[in-house]
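To be precise, the following lines are entry-v7.cif, and they hold mmCIF, C-alpha atoms.
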```cif
data_protein
#
loop_
_atom_site.group_PDB
_atom_site.id
_atom_site.type_symbol
_atom_site.label_atom_id
_atom_site.label_comp_id
_atom_site.auth_asym_id
_atom_site.auth_seq_id
_atom_site.Cartn_x
_atom_site.Cartn_y
_atom_site.Cartn_z
ATOM 1 C CA MET A 1 3.284 1.851 -6.075
ATOM 2 C CA SER A 2 2.590 3.270 -2.637
ATOM 3 C CA GLY A 3 1.803 1.118 0.385
ATOM 4 C CA ARG A 4 -1.869 1.920 -0.107
ATOM 5 C CA THR A 5 -4.157 -1.103 -0.092
ATOM 6 C CA ARG A 6 -5.907 -1.697 -3.407
ATOM 7 C CA PRO A 7 -7.605 -4.555 -5.213
ATOM 8 C CA ARG A 8 -5.575 -6.906 -7.388
ATOM 9 C CA VAL A 9 -8.436 -6.779 -9.899
ATOM 10 C CA VAL A 10 -11.916 -5.273 -10.138
ATOM 11 C CA LEU A 11 -14.606 -7.136 -12.076
ATOM 12 C CA VAL A 12 -17.428 -5.223 -13.760
ATOM 13 C CA GLY A 13 -20.247 -6.396 -15.988
ATOM 14 C CA PRO A 14 -23.977 -6.963 -16.197
ATOM 15 C CA PRO A 15 -26.050 -9.525 -14.329
ATOM 16 C CA GLY A 16 -25.297 -12.930 -15.808
ATOM 17 C CA SER A 17 -21.737 -12.111 -16.827
ATOM 18 C CA GLY A 18 -20.308 -14.371 -14.142
ATOM 19 C CA LYS A 19 -18.858 -11.762 -11.784
ATOM 20 C CA THR A 20 -19.698 -13.683 -8.615
ATOM 21 C CA ALA A 21 -18.536 -17.129 -9.713
ATOM 22 C CA VAL A 22 -15.506 -15.837 -11.611
ATOM 23 C CA GLY A 23 -14.579 -13.441 -8.803
ATOM 24 C CA ARG A 24 -14.580 -16.169 -6.185
ATOM 25 C CA LEU A 25 -12.453 -18.452 -8.344
ATOM 26 C CA VAL A 26 -10.029 -15.666 -9.309
ATOM 27 C CA ALA A 27 -9.618 -14.851 -5.601
ATOM 28 C CA GLU A 28 -8.944 -18.511 -4.860
ATOM 29 C CA LEU A 29 -6.407 -18.761 -7.688
ATOM 30 C CA LEU A 30 -4.645 -15.570 -6.566
ATOM 31 C CA GLY A 31 -4.778 -16.570 -2.908
ATOM 32 C CA CYS A 32 -6.652 -13.475 -1.783
ATOM 33 C CA GLY A 33 -10.051 -12.357 -0.573
ATOM 34 C CA CYS A 34 -13.068 -11.301 -2.593
ATOM 35 C CA VAL A 35 -15.534 -8.476 -1.920
ATOM 36 C CA GLU A 36 -18.896 -8.437 -3.697
ATOM 37 C CA THR A 37 -20.384 -4.953 -3.451
ATOM 38 C CA ASP A 38 -23.995 -6.178 -3.668
ATOM 39 C CA ARG A 39 -23.400 -8.270 -0.524
ATOM 40 C CA GLU A 40 -21.892 -5.206 1.153
ATOM 41 C CA VAL A 41 -25.051 -3.236 0.304
ATOM 42 C CA GLU A 42 -27.154 -6.038 1.796
ATOM 43 C CA HIS A 43 -25.023 -6.012 4.931
ATOM 44 C CA ALA A 44 -25.372 -2.237 5.326
ATOM 45 C CA ALA A 45 -29.125 -2.279 4.683
ATOM 46 C CA GLY A 46 -29.913 -5.494 6.538
ATOM 47 C CA ILE A 47 -32.077 -6.760 3.659
ATOM 48 C CA PRO A 48 -31.494 -8.345 0.214
ATOM 49 C CA VAL A 49 -30.445 -6.073 -2.662
ATOM 50 C CA ALA A 50 -33.756 -6.427 -4.529
ATOM 51 C CA GLU A 51 -35.637 -5.406 -1.385
ATOM 52 C CA VAL A 52 -33.404 -2.370 -0.873
ATOM 53 C CA PHE A 53 -34.091 -1.290 -4.432
ATOM 54 C CA VAL A 54 -37.866 -1.770 -4.133
ATOM 55 C CA ASP A 55 -38.535 -0.898 -0.478
ATOM 56 C CA VAL A 56 -36.116 1.982 0.044
ATOM 57 C CA GLY A 57 -35.917 3.274 -3.507
ATOM 58 C CA GLU A 58 -33.339 3.485 -6.231
ATOM 59 C CA ALA A 59 -31.750 6.706 -4.953
ATOM 60 C CA ARG A 60 -30.983 5.188 -1.529
ATOM 61 C CA PHE A 61 -29.854 1.936 -3.144
ATOM 62 C CA ARG A 62 -27.442 3.825 -5.416
ATOM 63 C CA GLU A 63 -26.049 5.771 -2.445
ATOM 64 C CA LEU A 64 -25.429 2.536 -0.516
ATOM 65 C CA GLU A 65 -23.916 1.042 -3.661
ATOM 66 C CA ARG A 66 -21.586 4.040 -4.090
ATOM 67 C CA GLN A 67 -20.446 3.805 -0.467
ATOM 68 C CA ALA A 68 -19.910 0.036 -0.702
ATOM 69 C CA THR A 69 -18.023 0.281 -3.991
ATOM 70 C CA LEU A 70 -15.724 3.107 -2.915
ATOM 71 C CA ALA A 71 -14.974 1.248 0.345
ATOM 72 C CA ALA A 72 -14.303 -2.001 -1.536
ATOM 73 C CA LEU A 73 -11.845 -0.203 -3.799
ATOM 74 C CA ARG A 74 -9.741 0.476 -0.692
ATOM 75 C CA THR A 75 -9.352 -3.253 0.047
ATOM 76 C CA ASP A 76 -7.009 -5.828 -1.386
ATOM 77 C CA GLY A 77 -7.943 -8.932 -3.349
ATOM 78 C CA VAL A 78 -10.734 -9.165 -5.902
ATOM 79 C CA VAL A 79 -13.668 -6.739 -6.030
ATOM 80 C CA GLU A 80 -16.913 -7.536 -7.862
ATOM 81 C CA VAL A 81 -18.856 -4.347 -8.609
ATOM 82 C CA GLY A 82 -22.653 -4.402 -8.938
ATOM 83 C CA GLY A 83 -23.927 -4.160 -12.500
ATOM 84 C CA GLY A 84 -25.504 -0.708 -12.236
ATOM 85 C CA ALA A 85 -22.717 0.980 -10.275
ATOM 86 C CA ILE A 86 -21.021 1.854 -13.562
ATOM 87 C CA THR A 87 -23.632 4.569 -14.161
ATOM 88 C CA ASP A 88 -22.236 6.585 -11.233
ATOM 89 C CA PRO A 89 -19.596 9.078 -12.463
ATOM 90 C CA GLU A 90 -17.787 9.029 -9.101
ATOM 91 C CA ILE A 91 -17.445 5.244 -9.285
ATOM 92 C CA ARG A 92 -16.243 5.391 -12.895
ATOM 93 C CA GLN A 93 -13.624 7.949 -11.906
ATOM 94 C CA ALA A 94 -12.469 5.787 -8.979
ATOM 95 C CA LEU A 95 -12.262 2.720 -11.230
ATOM 96 C CA GLY A 96 -9.796 4.606 -13.416
ATOM 97 C CA GLU A 97 -7.148 4.017 -10.744
ATOM 98 C CA HIS A 98 -7.503 0.217 -10.825
ATOM 99 C CA VAL A 99 -7.006 -2.856 -12.966
ATOM 100 C CA VAL A 100 -10.544 -3.482 -14.244
ATOM 101 C CA VAL A 101 -11.801 -6.476 -16.195
ATOM 102 C CA PHE A 102 -15.141 -6.103 -17.975
ATOM 103 C CA LEU A 103 -16.847 -9.498 -18.101
ATOM 104 C CA ASP A 104 -19.001 -9.108 -21.195
ATOM 105 C CA VAL A 105 -21.951 -11.347 -22.031
ATOM 106 C CA GLY A 106 -24.880 -11.381 -24.427
ATOM 107 C CA ILE A 107 -28.527 -11.746 -23.515
ATOM 108 C CA SER A 108 -28.717 -15.464 -24.385
ATOM 109 C CA ASP A 109 -25.931 -16.479 -22.034
ATOM 110 C CA ALA A 110 -27.076 -14.077 -19.314
ATOM 111 C CA ALA A 111 -30.625 -15.438 -19.457
ATOM 112 C CA ARG A 112 -29.403 -19.032 -19.373
ATOM 113 C CA ARG A 113 -27.150 -18.366 -16.393
ATOM 114 C CA ILE A 114 -29.504 -16.433 -14.167
ATOM 115 C CA GLY A 115 -32.999 -16.500 -15.608
ATOM 116 C CA PHE A 116 -35.228 -13.494 -15.329
ATOM 117 C CA ASP A 117 -37.569 -14.615 -12.577
ATOM 118 C CA GLN A 118 -35.343 -14.873 -9.506
ATOM 119 C CA SER A 119 -36.833 -12.836 -6.688
ATOM 120 C CA ALA A 120 -33.602 -12.901 -4.652
ATOM 121 C CA SER A 121 -31.580 -10.763 -7.040
ATOM 122 C CA MET A 122 -31.671 -7.574 -9.047
ATOM 123 C CA VAL A 123 -32.464 -9.753 -12.050
ATOM 124 C CA ALA A 124 -36.067 -9.894 -10.865
ATOM 125 C CA LEU A 125 -36.213 -6.236 -11.856
ATOM 126 C CA LEU A 126 -34.472 -6.740 -15.191
ATOM 127 C CA PRO A 127 -36.495 -8.790 -17.674
ATOM 128 C CA ARG A 128 -34.965 -9.315 -21.107
ATOM 129 C CA ARG A 129 -36.085 -6.050 -22.683
ATOM 130 C CA SER A 130 -34.951 -4.022 -19.705
ATOM 131 C CA TRP A 131 -31.610 -5.917 -19.596
ATOM 132 C CA LEU A 132 -31.010 -5.039 -23.246
ATOM 133 C CA LYS A 133 -31.955 -1.399 -22.670
ATOM 134 C CA HIS A 134 -29.629 -1.169 -19.674
ATOM 135 C CA MET A 135 -26.807 -2.693 -21.714
ATOM 136 C CA GLU A 136 -27.208 -0.087 -24.460
ATOM 137 C CA VAL A 137 -26.257 2.492 -21.842
ATOM 138 C CA ARG A 138 -23.882 0.448 -19.701
ATOM 139 C CA ARG A 139 -21.772 -1.499 -22.228
ATOM 140 C CA PRO A 140 -19.890 1.650 -23.376
ATOM 141 C CA LEU A 141 -19.367 2.643 -19.721
ATOM 142 C CA TYR A 142 -17.982 -0.789 -18.834
ATOM 143 C CA ALA A 143 -15.671 -0.569 -21.846
ATOM 144 C CA GLN A 144 -14.594 2.956 -20.850
ATOM 145 C CA VAL A 145 -13.268 1.834 -17.448
ATOM 146 C CA ALA A 146 -11.946 -1.562 -18.531
ATOM 147 C CA THR A 147 -8.277 -2.365 -18.627
ATOM 148 C CA TRP A 148 -9.326 -5.561 -20.419
ATOM 149 C CA THR A 149 -12.580 -7.041 -21.718
ATOM 150 C CA VAL A 150 -13.232 -10.769 -21.428
ATOM 151 C CA ASP A 151 -16.142 -12.312 -23.333
ATOM 152 C CA THR A 152 -17.759 -14.923 -21.096
ATOM 153 C CA ALA A 153 -20.239 -16.233 -23.682
ATOM 154 C CA GLY A 154 -20.328 -20.016 -23.815
ATOM 155 C CA ARG A 155 -17.307 -20.331 -21.518
ATOM 156 C CA SER A 156 -16.835 -22.106 -18.219
ATOM 157 C CA VAL A 157 -16.150 -20.231 -15.010
ATOM 158 C CA GLN A 158 -12.743 -21.936 -14.846
ATOM 159 C CA ASP A 159 -11.819 -20.819 -18.374
ATOM 160 C CA VAL A 160 -12.815 -17.209 -17.720
ATOM 161 C CA ALA A 161 -11.111 -17.129 -14.312
ATOM 162 C CA ASP A 162 -7.919 -18.551 -15.811
ATOM 163 C CA GLN A 163 -7.927 -15.790 -18.448
ATOM 164 C CA VAL A 164 -8.506 -13.083 -15.834
ATOM 165 C CA VAL A 165 -5.625 -14.403 -13.717
ATOM 166 C CA GLU A 166 -3.382 -14.528 -16.788
ATOM 167 C CA LEU A 167 -4.257 -10.913 -17.581
ATOM 168 C CA VAL A 168 -3.658 -9.748 -14.023
ATOM 169 C CA GLN A 169 -0.361 -11.578 -13.692
ATOM 170 C CA GLY A 170 0.965 -11.140 -17.196
ATOM 171 C CA GLY A 171 -0.682 -8.072 -18.593
ATOM 172 C CA SER A 172 -1.972 -9.613 -21.831
ATOM 173 C CA ALA A 173 -4.001 -12.554 -23.069
#
```

As structure tokens, please, write out the structure in this file.
Amino acid sequence: MSGRTRPRVVLVGPPGSGKTAVGRLVAELLGCGCVETDREVEHAAGIPVAEVFVDVGEARFRELERQATLAALRTDGVVEVGGGAITDPEIRQALGEHVVVFLDVGISDAARRIGFDQSASMVALLPRRSWLKHMEVRRPLYAQVATWTVDTAGRSVQDVADQVVELVQGGSA
């Protein structure tokens, strides 16, 4: 591999899959940093993600998300990619150059983990029916870019993070 900086692992998946919690723990276990692209969008916009989406519009949000994701993919450590970024062909192409773990989850676990009434996240915009509709489109895209898929249903953050680390370090689990 060249001396180019790149993430140790990129986590993708829908809201409620555990990307944030798992990503932080994986970074801790690997002894590296963690970049969450939604937080990078917030930093660039100066307002929370849900407000960017509503106040500035989806097109501007997606552009900020693309910029944040492509920049994050030039860092080291762990990168957590926002749930909708997978719909961007440029992001999917860029993910093809990385070790990507798709954290999969069903609606029951996602709803239990995050609820569908939190105003501080994108989930406020994704009630159950919409979440399911998004997943019909996104699940195949997540699978397309994934090096590995990890089912997070009914599992602890520690258990999932341990599996991700095992995959990254050993190549199979």

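With the shown file loaded, the PyMOL selection byres ((chain A and resi 15) around 9) picks out Gly13, Pro14, Gly16, Ser17, Gly18, Lys19, Gly82, Gly83, Val105, Ala110, Ile114, Met122, Val123, Leu126 and Trp131 of chain A.
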
The PyMOL selection byres ((chain A and resi 39-53) around 6) applied to the shown file, residues as a tab-separated table (two decimals) with C-alpha atoms, in the frame of the given file:
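Result file follows (selection04.tsv):
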```
chain	number	residue	atom	x	y	z
A	36	GLU	CA	-18.90	-8.44	-3.70
A	37	THR	CA	-20.38	-4.95	-3.45
A	38	ASP	CA	-24.00	-6.18	-3.67
A	54	VAL	CA	-37.87	-1.77	-4.13
A	55	ASP	CA	-38.53	-0.90	-0.48
A	56	VAL	CA	-36.12	1.98	0.04
A	57	GLY	CA	-35.92	3.27	-3.51
A	58	GLU	CA	-33.34	3.48	-6.23
A	61	PHE	CA	-29.85	1.94	-3.14
A	64	LEU	CA	-25.43	2.54	-0.52
A	65	GLU	CA	-23.92	1.04	-3.66
A	68	ALA	CA	-19.91	0.04	-0.70
A	121	SER	CA	-31.58	-10.76	-7.04
A	122	MET	CA	-31.67	-7.57	-9.05
```

Practice task
Rounded to one decimal place, report the CA of Ala71 in chain A-CA of Gln93 in chain A distance in Å.
Solution key: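 We find that CA of Ala71 in chain A and CA of Gln93 in chain A lie 14.0 Å from each other.
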
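Here the PyMOL selection byres ((chain A and resi 11) around 7) captures the residues Val9, Val10, Val12, Gly13, Lys19, Val79, Glu80, Val81, Val100, Val101, Phe102 and Leu103 of chain A.
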
Quick one: residues within 9 Å of Glu90 in chain A, only C-alpha atoms counted, chain neighbours fewer than 4 positions away excluded, as a list in words?
-> Arg66, Leu70, Ala94 and Leu95 of chain A

Of A:Glu97, A:Pro7, A:Asp159, A:Ala59, the one sitting nearest Ala21 in chain A when using all atoms listed in the file is A:Asp159

- Task: Would you please work out which residue, of A:Thr20, A:Thr87, A:Thr75, A:Gln163, is nearest to Val150 in chain A when using all atoms listed in the file?
- Result: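 For Val150 in chain A, the nearest of the candidates is A:Gln163.
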
Nearby residues (only C-alpha atoms) at most 12 Å from Glu28 in chain A, same-chain spacing under 6 positions excluded, as number ranges by chain
A: 21-22, 34, 77-78, 158, 161-162, 165

For Leu167 in chain A, the nearest of the candidates A:Arg8, A:Cys32, A:Leu73, A:Glu63, counting all atoms listed in the file: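 Counting all atoms listed in the file, the residue closest to Leu167 in chain A is A:Arg8.
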
His98 in chain A proximity check over A:Ala111, A:Val145, A:Ala85, A:Met135, using all atoms listed in the file: winner is A:Val145

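Nearest residue to Pro127 in chain A among A:Ala27, A:Ile107, A:Ala153, A:Val164 is A:Ile107, counting only C-alpha atoms.
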
note - CA of Val168 in chain A and CA of Ser108 in chain A are separated by 27.7 Å

Which centre and which edge lengths, in Å to one decimal, describe the axis-aligned box that holds all listed atoms of range 163-168 of chain A after 8 Å is added on each side, as JSON?
```
{"center_x": -5.9, "center_y": -12.8, "center_z": -16.1, "size_x": 21.1, "size_y": 22.0, "size_z": 20.7}
```

Check the smallest atom-to-atom distance from each of A:Thr147, A:Arg113, A:Asp76, A:Arg139 to Gly96 in chain A using all atoms listed in the file, then report the winner.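 Smallest separation from Gly96 in chain A among the options: A:Thr147.
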
Between CA of Arg155 in chain A and CA of Arg129 in chain A lies a distance of 23.6 Å
